[in-house]
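Undergrad: Got query30.csv for you, CSV, C-alpha atoms:
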```csv
chain,number,residue,atom,x,y,z
A,1,VAL,CA,-52.8,-50.2,-4.4
A,2,ILE,CA,-54.8,-47.3,-3.1
A,3,VAL,CA,-56.3,-46.4,-6.5
A,4,ASN,CA,-57.2,-50.0,-7.2
A,5,ALA,CA,-59.0,-50.4,-3.9
A,6,PHE,CA,-60.7,-47.0,-4.4
A,7,ASP,CA,-62.0,-48.0,-7.9
A,8,ARG,CA,-63.2,-51.4,-6.6
A,9,GLU,CA,-65.3,-49.7,-4.0
A,10,ARG,CA,-67.4,-47.9,-6.6
A,11,LYS,CA,-70.7,-49.7,-7.0
A,12,VAL,CA,-72.7,-47.1,-9.1
A,13,SER,CA,-71.8,-44.8,-12.0
A,14,ARG,CA,-69.8,-41.7,-11.2
A,15,ASP,CA,-72.6,-39.2,-12.0
A,16,LYS,CA,-74.8,-40.8,-9.2
A,17,GLU,CA,-72.2,-40.2,-6.5
A,18,THR,CA,-72.2,-37.2,-4.2
A,19,ASN,CA,-69.2,-35.6,-2.6
A,20,GLU,CA,-70.0,-37.4,0.6
A,21,ASP,CA,-70.3,-40.8,-1.3
A,22,ILE,CA,-66.8,-40.3,-2.8
A,23,GLY,CA,-65.4,-39.4,0.6
A,24,ASN,CA,-66.9,-42.6,2.1
A,25,ARG,CA,-65.6,-44.6,-0.8
A,26,SER,CA,-62.1,-43.2,-0.1
A,27,SER,CA,-62.4,-44.2,3.6
A,28,ARG,CA,-63.4,-47.8,2.7
A,29,ALA,CA,-60.5,-47.9,0.2
A,30,LEU,CA,-57.9,-46.8,2.8
A,31,ALA,CA,-59.4,-49.3,5.3
A,32,ARG,CA,-58.6,-52.0,2.7
A,33,ALA,CA,-55.3,-50.8,1.3
A,34,GLY,CA,-53.9,-48.8,4.3
A,35,ALA,CA,-52.8,-51.9,6.2
A,36,SER,CA,-51.0,-53.3,3.2
A,37,ILE,CA,-49.0,-50.1,2.4
A,38,THR,CA,-48.3,-49.5,6.1
A,39,VAL,CA,-46.9,-53.0,6.7
A,40,THR,CA,-44.8,-52.9,3.4
A,41,SER,CA,-43.5,-49.5,4.2
A,42,LEU,CA,-42.6,-50.4,7.8
A,43,THR,CA,-40.7,-53.5,6.8
A,44,ASP,CA,-38.7,-51.6,4.2
A,45,LEU,CA,-38.1,-48.7,6.6
A,46,VAL,CA,-36.8,-51.1,9.3
A,47,ALA,CA,-34.5,-52.9,6.9
A,48,PHE,CA,-32.9,-49.7,5.6
A,49,ALA,CA,-32.7,-48.2,9.1
A,50,ILE,CA,-30.7,-51.2,10.3
A,51,SER,CA,-28.4,-51.0,7.3
A,52,SER,CA,-27.8,-47.3,8.0
A,53,SER,CA,-25.5,-48.5,10.8
A,54,SER,CA,-23.1,-50.0,8.3
A,55,ALA,CA,-19.4,-49.1,8.7
A,56,LEU,CA,-19.3,-48.1,5.0
A,57,PRO,CA,-20.1,-44.4,4.9
A,58,ALA,CA,-21.6,-44.4,1.4
A,59,LEU,CA,-23.8,-47.4,2.2
A,60,ALA,CA,-24.9,-45.9,5.6
A,61,SER,CA,-25.8,-42.6,4.0
A,62,PHE,CA,-27.8,-44.3,1.2
A,63,CYS,CA,-29.7,-46.5,3.7
A,64,ALA,CA,-30.5,-43.6,6.0
A,65,TYR,CA,-31.7,-41.5,3.1
A,66,ALA,CA,-33.8,-44.4,1.8
A,67,ALA,CA,-35.4,-45.0,5.3
A,68,ILE,CA,-36.4,-41.4,5.6
A,69,SER,CA,-37.7,-41.3,2.0
A,70,ILE,CA,-39.9,-44.4,2.6
A,71,PHE,CA,-41.4,-42.8,5.7
A,72,LEU,CA,-42.1,-39.6,3.8
A,73,LEU,CA,-43.6,-41.5,0.9
A,74,TRP,CA,-46.0,-43.3,3.3
A,75,LEU,CA,-47.1,-39.9,4.7
A,76,PHE,CA,-47.5,-38.6,1.2
A,77,ALA,CA,-49.6,-41.6,0.1
A,78,SER,CA,-51.7,-41.7,3.3
A,79,PHE,CA,-52.6,-38.0,3.4
A,80,PHE,CA,-51.8,-35.8,0.3
A,81,PHE,CA,-52.3,-38.4,-2.4
A,82,SER,CA,-55.5,-39.8,-0.9
A,83,ALA,CA,-57.0,-36.3,-0.7
A,84,THR,CA,-56.0,-35.4,-4.3
A,85,MET,CA,-57.4,-38.7,-5.4
A,86,VAL,CA,-60.8,-37.7,-4.1
A,87,LEU,CA,-60.6,-34.3,-5.8
A,88,ASP,CA,-59.6,-36.1,-9.1
A,89,GLU,CA,-62.6,-38.4,-8.8
A,90,ARG,CA,-64.9,-35.4,-8.4
A,91,ARG,CA,-63.3,-34.0,-11.6
A,92,GLN,CA,-64.1,-37.2,-13.5
A,93,ARG,CA,-67.7,-37.2,-12.2
A,94,ASP,CA,-68.2,-33.6,-13.4
A,95,ASN,CA,-66.6,-34.5,-16.8
A,96,ARG,CA,-63.9,-31.9,-16.4
A,97,ARG,CA,-60.6,-32.0,-18.3
A,98,GLU,CA,-57.4,-33.2,-16.7
A,99,CYS,CA,-55.1,-30.1,-17.0
A,100,PHE,CA,-57.9,-27.6,-17.8
A,101,CYS,CA,-60.4,-28.2,-15.1
A,102,CYS,CA,-62.5,-25.3,-16.2
A,103,LEU,CA,-63.4,-27.1,-19.5
A,104,THR,CA,-65.8,-30.0,-19.6
A,105,ARG,CA,-66.2,-33.0,-21.9
A,106,LYS,CA,-69.1,-33.6,-24.2
A,107,LYS,CA,-69.2,-37.3,-23.2
A,108,SER,CA,-69.1,-38.5,-19.6
A,109,PHE,CA,-65.9,-40.1,-18.4
A,110,ASP,CA,-67.6,-43.5,-18.2
A,111,GLU,CA,-68.7,-43.3,-21.8
A,112,SER,CA,-65.2,-42.2,-23.0
A,113,GLN,CA,-63.7,-45.2,-21.2
A,114,ASN,CA,-66.4,-47.6,-22.7
A,115,GLU,CA,-67.7,-48.4,-19.2
A,116,SER,CA,-71.2,-49.5,-18.5
A,117,GLY,CA,-71.6,-46.9,-15.8
A,118,GLU,CA,-72.9,-49.5,-13.3
A,119,GLY,CA,-69.8,-49.5,-11.1
A,120,PHE,CA,-66.3,-50.7,-11.2
A,121,GLU,CA,-65.3,-53.0,-14.1
A,122,GLU,CA,-62.4,-55.4,-14.0
A,123,GLY,CA,-59.4,-54.8,-16.3
A,124,VAL,CA,-57.6,-57.4,-18.3
A,125,ILE,CA,-55.1,-58.2,-15.6
A,126,SER,CA,-57.7,-58.6,-12.9
A,127,ARG,CA,-59.8,-60.9,-15.2
A,128,TYR,CA,-56.7,-63.0,-16.0
A,129,PHE,CA,-55.9,-63.6,-12.3
A,130,ARG,CA,-59.5,-64.3,-11.4
A,131,LYS,CA,-60.3,-66.5,-14.4
A,132,TYR,CA,-57.1,-68.3,-15.2
A,133,HIS,CA,-54.2,-67.8,-12.8
A,134,ALA,CA,-55.9,-68.5,-9.5
A,135,PRO,CA,-57.9,-71.5,-10.7
A,136,PHE,CA,-54.8,-73.1,-12.2
A,137,ILE,CA,-52.5,-72.8,-9.1
A,138,LEU,CA,-55.4,-74.1,-7.0
A,139,SER,CA,-55.9,-77.2,-9.2
A,140,LYS,CA,-54.2,-80.5,-8.5
A,141,ILE,CA,-51.7,-80.2,-11.3
A,142,GLY,CA,-51.1,-76.6,-10.4
A,143,LYS,CA,-50.4,-77.4,-6.8
A,144,VAL,CA,-47.9,-80.1,-7.8
A,145,ILE,CA,-46.1,-77.8,-10.2
A,146,VAL,CA,-45.9,-75.0,-7.6
A,147,LEU,CA,-44.5,-77.3,-5.0
A,148,VAL,CA,-41.9,-78.9,-7.3
A,149,VAL,CA,-40.7,-75.5,-8.7
A,150,PHE,CA,-40.3,-73.9,-5.3
A,151,ALA,CA,-38.8,-77.0,-3.7
A,152,GLY,CA,-36.2,-76.9,-6.5
A,153,LEU,CA,-35.6,-73.2,-5.9
A,154,PHE,CA,-35.2,-73.8,-2.2
A,155,GLY,CA,-32.7,-76.7,-2.8
A,156,PHE,CA,-30.8,-74.6,-5.3
A,157,GLY,CA,-30.7,-71.7,-2.8
A,158,VAL,CA,-29.3,-74.0,0.0
A,159,TYR,CA,-26.7,-75.4,-2.4
A,160,GLY,CA,-25.7,-71.9,-3.5
A,161,ALA,CA,-25.5,-70.7,0.1
A,162,LEU,CA,-23.2,-73.6,1.2
A,163,ASN,CA,-20.9,-72.9,-1.8
A,164,LEU,CA,-20.9,-69.1,-1.6
A,165,ASP,CA,-17.5,-67.5,-1.8
A,166,VAL,CA,-16.8,-64.1,-0.2
A,167,GLU,CA,-15.6,-61.9,-3.0
A,168,ASP,CA,-15.7,-58.6,-1.3
A,169,SER,CA,-12.8,-56.4,-2.5
A,170,GLN,CA,-11.6,-52.9,-2.1
A,171,ARG,CA,-10.9,-52.9,-5.8
A,172,ALA,CA,-14.7,-52.9,-6.5
A,173,PHE,CA,-14.7,-49.3,-5.2
A,174,VAL,CA,-12.2,-48.2,-7.7
A,175,PRO,CA,-13.8,-46.6,-10.9
A,176,SER,CA,-13.2,-48.8,-14.0
A,177,GLY,CA,-11.3,-46.1,-15.8
A,178,SER,CA,-9.0,-45.1,-12.9
A,179,TYR,CA,-5.2,-45.3,-13.3
A,180,LEU,CA,-5.2,-47.2,-10.0
A,181,ASN,CA,-6.5,-50.3,-11.7
A,182,ASP,CA,-3.6,-50.2,-14.1
A,183,TYR,CA,-1.2,-49.9,-11.2
A,184,LEU,CA,-2.8,-52.9,-9.4
A,185,THR,CA,-2.8,-55.0,-12.6
A,186,ALA,CA,0.9,-54.3,-13.1
A,187,SER,CA,1.7,-55.0,-9.5
A,188,ASP,CA,-0.2,-58.3,-9.7
A,189,GLU,CA,1.8,-59.3,-12.8
A,190,TYR,CA,5.3,-58.2,-11.9
A,191,PHE,CA,5.3,-58.3,-8.1
A,192,PRO,CA,3.0,-61.2,-7.2
A,193,SER,CA,4.7,-61.9,-3.8
A,194,ALA,CA,4.0,-58.4,-2.4
A,195,GLY,CA,1.0,-58.6,-0.1
A,196,ILE,CA,-0.5,-57.1,3.1
A,197,ASP,CA,1.9,-56.2,5.9
A,198,VAL,CA,1.9,-58.3,9.1
A,199,THR,CA,3.2,-56.7,12.3
A,200,ILE,CA,3.9,-58.9,15.4
A,201,THR,CA,4.2,-56.9,18.6
A,202,PHE,CA,6.0,-58.2,21.7
A,203,GLU,CA,5.5,-56.3,25.0
A,204,GLY,CA,7.4,-56.0,28.3
A,205,MET,CA,11.2,-55.5,28.6
A,206,GLU,CA,11.6,-58.4,30.9
A,207,ASN,CA,9.7,-60.8,28.5
A,208,ILE,CA,11.7,-59.5,25.5
A,209,TYR,CA,15.0,-60.1,27.3
A,210,ALA,CA,14.0,-63.5,28.5
A,211,ASP,CA,13.0,-64.6,25.0
A,212,ARG,CA,15.8,-62.8,23.2
A,213,GLN,CA,17.2,-65.8,21.4
A,214,ALA,CA,13.8,-67.0,20.3
A,215,LEU,CA,12.9,-63.6,19.0
A,216,ALA,CA,16.2,-63.3,17.1
A,217,GLU,CA,15.5,-66.7,15.4
A,218,LEU,CA,11.8,-65.8,14.6
A,219,ASP,CA,12.6,-65.9,10.9
A,220,GLN,CA,13.1,-69.7,11.2
A,221,ARG,CA,9.6,-70.1,12.5
A,222,LEU,CA,8.2,-68.0,9.6
A,223,SER,CA,10.1,-69.8,6.9
A,224,GLY,CA,8.2,-72.3,4.7
A,225,LYS,CA,4.8,-70.8,5.3
A,226,SER,CA,4.3,-69.0,2.0
A,227,THR,CA,2.5,-71.8,0.1
A,228,GLU,CA,-0.1,-72.7,2.7
A,229,ALA,CA,-1.9,-70.9,5.5
A,230,PRO,CA,-0.9,-68.5,7.1
A,231,TYR,CA,0.7,-67.6,3.7
A,232,ILE,CA,3.5,-65.5,5.2
A,233,ALA,CA,6.1,-64.4,2.7
A,234,GLU,CA,9.6,-66.0,3.0
A,235,PRO,CA,11.9,-63.8,5.3
A,236,VAL,CA,14.6,-63.5,2.6
A,237,SER,CA,15.1,-59.8,2.6
A,238,ASP,CA,14.7,-56.7,4.7
A,239,ASP,CA,11.9,-55.5,2.4
A,240,VAL,CA,9.8,-58.5,3.4
A,241,TYR,CA,11.0,-59.2,6.9
A,242,ARG,CA,12.4,-56.7,9.5
A,243,ASN,CA,13.3,-57.9,13.1
A,244,VAL,CA,15.4,-55.7,15.4
A,245,MET,CA,16.3,-58.6,17.6
A,246,GLY,CA,17.7,-60.6,14.6
A,247,GLY,CA,19.6,-57.5,13.4
A,248,LEU,CA,21.0,-56.9,16.9
A,249,LYS,CA,22.1,-60.5,17.3
A,250,SER,CA,23.9,-60.4,13.9
A,251,TYR,CA,25.7,-57.2,14.8
A,252,LEU,CA,26.8,-58.5,18.2
A,253,ASP,CA,28.2,-61.6,16.6
A,254,GLU,CA,30.1,-59.6,14.0
A,255,SER,CA,31.2,-56.4,15.8
A,256,GLY,CA,30.5,-56.9,19.5
A,257,THR,CA,29.4,-54.0,21.7
A,258,ALA,CA,32.3,-51.6,21.4
A,259,ALA,CA,30.3,-49.0,19.3
A,260,ILE,CA,27.0,-49.5,21.1
A,261,GLY,CA,27.7,-49.2,24.8
A,262,GLY,CA,30.6,-51.5,25.4
A,263,VAL,CA,28.8,-53.8,27.8
A,264,ASP,CA,30.0,-57.4,28.5
A,265,LEU,CA,28.5,-60.3,26.6
A,266,GLY,CA,27.7,-63.6,28.0
A,267,ASP,CA,28.4,-67.1,26.6
A,268,ASP,CA,25.3,-66.9,24.6
A,269,GLY,CA,26.5,-63.7,22.8
A,270,TRP,CA,23.9,-61.4,24.6
A,271,PRO,CA,24.3,-58.8,27.3
A,272,THR,CA,24.3,-60.5,30.7
A,273,THR,CA,21.7,-58.3,32.4
A,274,THR,CA,18.5,-56.5,31.5
A,275,ALA,CA,20.0,-53.1,32.1
A,276,ASP,CA,23.0,-53.9,29.8
A,277,PHE,CA,20.6,-55.2,27.2
A,278,LEU,CA,18.6,-52.0,27.4
A,279,THR,CA,21.7,-49.9,26.9
A,280,THR,CA,22.8,-52.0,24.0
A,281,ILE,CA,19.6,-52.1,22.0
A,282,ALA,CA,19.0,-48.3,22.7
A,283,SER,CA,22.4,-47.5,21.2
A,284,TYR,CA,22.0,-50.0,18.3
A,285,ALA,CA,18.5,-49.0,17.2
A,286,SER,CA,18.9,-45.2,17.6
A,287,PHE,CA,18.4,-43.1,14.5
A,288,THR,CA,22.2,-42.5,14.4
A,289,GLY,CA,23.2,-46.1,15.4
A,290,PRO,CA,24.2,-49.0,13.2
A,291,GLY,CA,20.6,-50.3,13.4
A,292,GLY,CA,18.9,-47.0,12.6
A,293,GLU,CA,16.4,-48.7,10.3
A,294,TYR,CA,14.9,-50.4,13.3
A,295,ALA,CA,14.4,-47.1,15.3
A,296,THR,CA,10.7,-46.9,14.6
A,297,ASP,CA,10.2,-50.6,15.7
A,298,LEU,CA,10.8,-49.8,19.4
A,299,SER,CA,8.4,-48.2,21.8
A,300,TRP,CA,9.9,-46.5,24.9
A,301,SER,CA,8.6,-44.9,28.1
A,302,GLU,CA,8.5,-41.1,28.2
A,303,ASP,CA,11.9,-40.9,29.8
A,304,ARG,CA,13.3,-43.7,27.7
A,305,SER,CA,14.2,-45.7,30.8
A,306,GLU,CA,12.2,-48.7,29.8
A,307,LEU,CA,11.5,-50.6,26.6
A,308,LEU,CA,7.8,-51.1,26.4
A,309,ALA,CA,7.5,-53.1,23.2
A,310,ILE,CA,9.1,-54.1,19.9
A,311,ARG,CA,7.5,-55.0,16.6
A,312,VAL,CA,8.6,-57.4,13.9
A,313,LYS,CA,7.4,-56.7,10.4
A,314,SER,CA,6.6,-59.3,7.8
A,315,GLU,CA,4.0,-59.6,5.1
A,316,TYR,CA,1.6,-62.0,3.5
A,317,VAL,CA,2.0,-63.2,0.0
A,318,ARG,CA,-0.4,-61.6,-2.5
A,319,LEU,CA,-3.7,-63.5,-1.9
A,320,THR,CA,-5.7,-62.8,-5.0
A,321,LYS,CA,-7.6,-64.8,-7.6
A,322,SER,CA,-9.2,-64.3,-11.0
A,323,SER,CA,-13.0,-64.0,-11.1
A,324,ARG,CA,-15.0,-63.2,-14.2
A,325,GLY,CA,-11.9,-61.8,-16.0
A,326,LYS,CA,-10.8,-59.6,-13.0
A,327,ILE,CA,-8.2,-60.0,-10.3
A,328,ILE,CA,-9.9,-59.7,-6.9
A,329,ASP,CA,-8.9,-60.5,-3.3
A,330,ASP,CA,-9.1,-64.2,-2.4
A,331,ALA,CA,-11.2,-63.8,0.7
A,332,ASN,CA,-11.2,-67.5,1.6
A,333,ARG,CA,-7.4,-67.7,1.7
A,334,GLN,CA,-7.2,-64.4,3.5
A,335,ILE,CA,-9.5,-65.8,6.2
A,336,ASP,CA,-7.4,-68.9,6.5
A,337,ALA,CA,-4.3,-66.7,6.7
A,338,MET,CA,-5.7,-64.7,9.6
A,339,ASP,CA,-6.9,-67.8,11.5
A,340,GLU,CA,-3.5,-69.5,11.2
A,341,THR,CA,-1.6,-66.4,12.1
A,342,ARG,CA,-3.5,-66.2,15.4
```
Would you write out, as structure tokens, the structure that this file holds?

TA:
Amino acid sequence: VIVNAFDRERKVSRDKETNEDIGNRSSRALARAGASITVTSLTDLVAFAISSSSALPALASFCAYAAISIFLLWLFASFFFSATMVLDERRQRDNRRECFCCLTRKKSFDESQNESGEGFEEGVISRYFRKYHAPFILSKIGKVIVLVVFAGLFGFGVYGALNLDVEDSQRAFVPSGSYLNDYLTASDEYFPSAGIDVTITFEGMENIYADRQALAELDQRLSGKSTEAPYIAEPVSDDVYRNVMGGLKSYLDESGTAAIGGVDLGDDGWPTTTADFLTTIASYASFTGPGGEYATDLSWSEDRSELLAIRVKSEYVRLTKSSRGKIIDDANRQIDAMDETR
């Protein structure tokens, strides 16, 4: 852009220009092209600078590097390149060679380029745009064609945006030759029901005790939700579904409390008080208790005098789809699953 503007400002042959004339021509060229390169560089810099705040470290680093590079390129073009362009124009005026400035040409630079020497002459591309391109798009038929084409592109863009699927996948970050792709492919084929874990947390000892029966029967509420949103896997095994309240209730019904505190049970099969419930669940879900597999699903106060929260573990079915011959995450169903889970 700068060089083109610099060449267009030349009104006489090179051998008639003084150093001051070349400097003035450079000033006029930068006045014409400087605004263009500044606006273009500024918009690109801002776009990359905003993207540098991305949560993806690789993308953030790339955008930050690009933003800094664009600024440095603008400095380079505005200062160093413009100055060396003037020096190169002096070299051409003095008929000196490119890499061997101490040697001169027999013919002037204008003669070697078949130029008339009366100033800047348009090239093939410039003549095409001036003689053919601009007159055509400004004609009646040209205006109609331009409007129809861009209206079609706009309509196609709107249609595409409305039907755009989110196909972002962590698998896209795995190199094509990695063994991890083989593992994921085998997992998709042989274990299609294994998906992302879902953990439901219930807080407050009083609330947990008050809702003890509902929590124990939570698997009934989660059943039948694997084929439609929220796509939670059927609670048919401990690998898929783990609930300390359900495990405790089954143990109380079968074995009572003799081995886990010996407290009395009410008519509903549960300890009759919050304190008794705390003693029972603490003994049952200890690492050495009959429900030791649930030990990490309970959160206690520092002195273990209060149960702060429990968690129930389940999982989604595998929400994937085939796209262009590859298995990727089905983002639309994942979004539906998260919305329905809430």

Undergrad: Counting all atoms listed in the file, which of A:Val3, A:Ala49, A:Ala214, A:Leu184 gets nearest to Glu89 of chain A?

TA: A:Val3

Undergrad: State, in Å with one decimal place, the distance from atom CA of Asn207 of chain A to atom CA of Arg304 of chain A.

TA: 17.5 Å

Undergrad: What does the distance from atom CA of Met245 of chain A to atom CA of Leu215 of chain A come to in Å, to one decimal?

TA: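 One can read the atom CA of Met245 of chain A to atom CA of Leu215 of chain A distance as 6.2 Å.
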
Undergrad: Considering only C-alpha atoms, can you say which of A:Ala47, A:Leu162, A:Val263, A:Leu138 comes closest to Ala60 of chain A?

TA: A:Ala47

Undergrad: Name the residues in contact with segment 329-337 of chain A at a cut-off of 6 Å, using all atoms listed in the file, excluding same-chain residues fewer than 2 positions from it; report them as a list in words.

TA: Val166, Ser169, Ala229, Pro230, Tyr231, Leu319, Thr320, Lys321, Asp339 and Glu340 of chain A

Undergrad: Please identify all polymer residues lying at most 10 Å from the point (-61.8, -51.2, -1.7) (file coordinates), using all atoms listed in the file, and present the result as a list in words.

TA: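 Residues with an atom close enough to that point: Val1, Ile2, Val3, Asn4, Ala5, Phe6, Asp7, Arg8, Glu9, Arg10, Arg25, Ser26, Ser27, Arg28, Ala29, Leu30, Ala31, Arg32 and Ala33 of chain A.
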
Undergrad: So which residues touch Leu103 of chain A within 12 Å, counting only C-alpha atoms, skipping near sequence neighbours fewer than 6 positions away, as a ChimeraX atom specification?

TA: /A:91-92,94-97

Undergrad: Enter the distance from atom CA of Ala67 of chain A to atom CA of Ser41 of chain A, in Å, rounded to one decimal.

TA: 9.3 Å

Undergrad: For a cut-off of 7 Å around (-27.2, -44.6, 9.7), file coordinates, pick out all residues using only C-alpha atoms and list them as a list of chain:residue names.

TA: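 Here is the list of nearby residues: A:Ala49, A:Ser51, A:Ser52, A:Ser53, A:Ser54, A:Ala60, A:Ser61, A:Cys63, A:Ala64.
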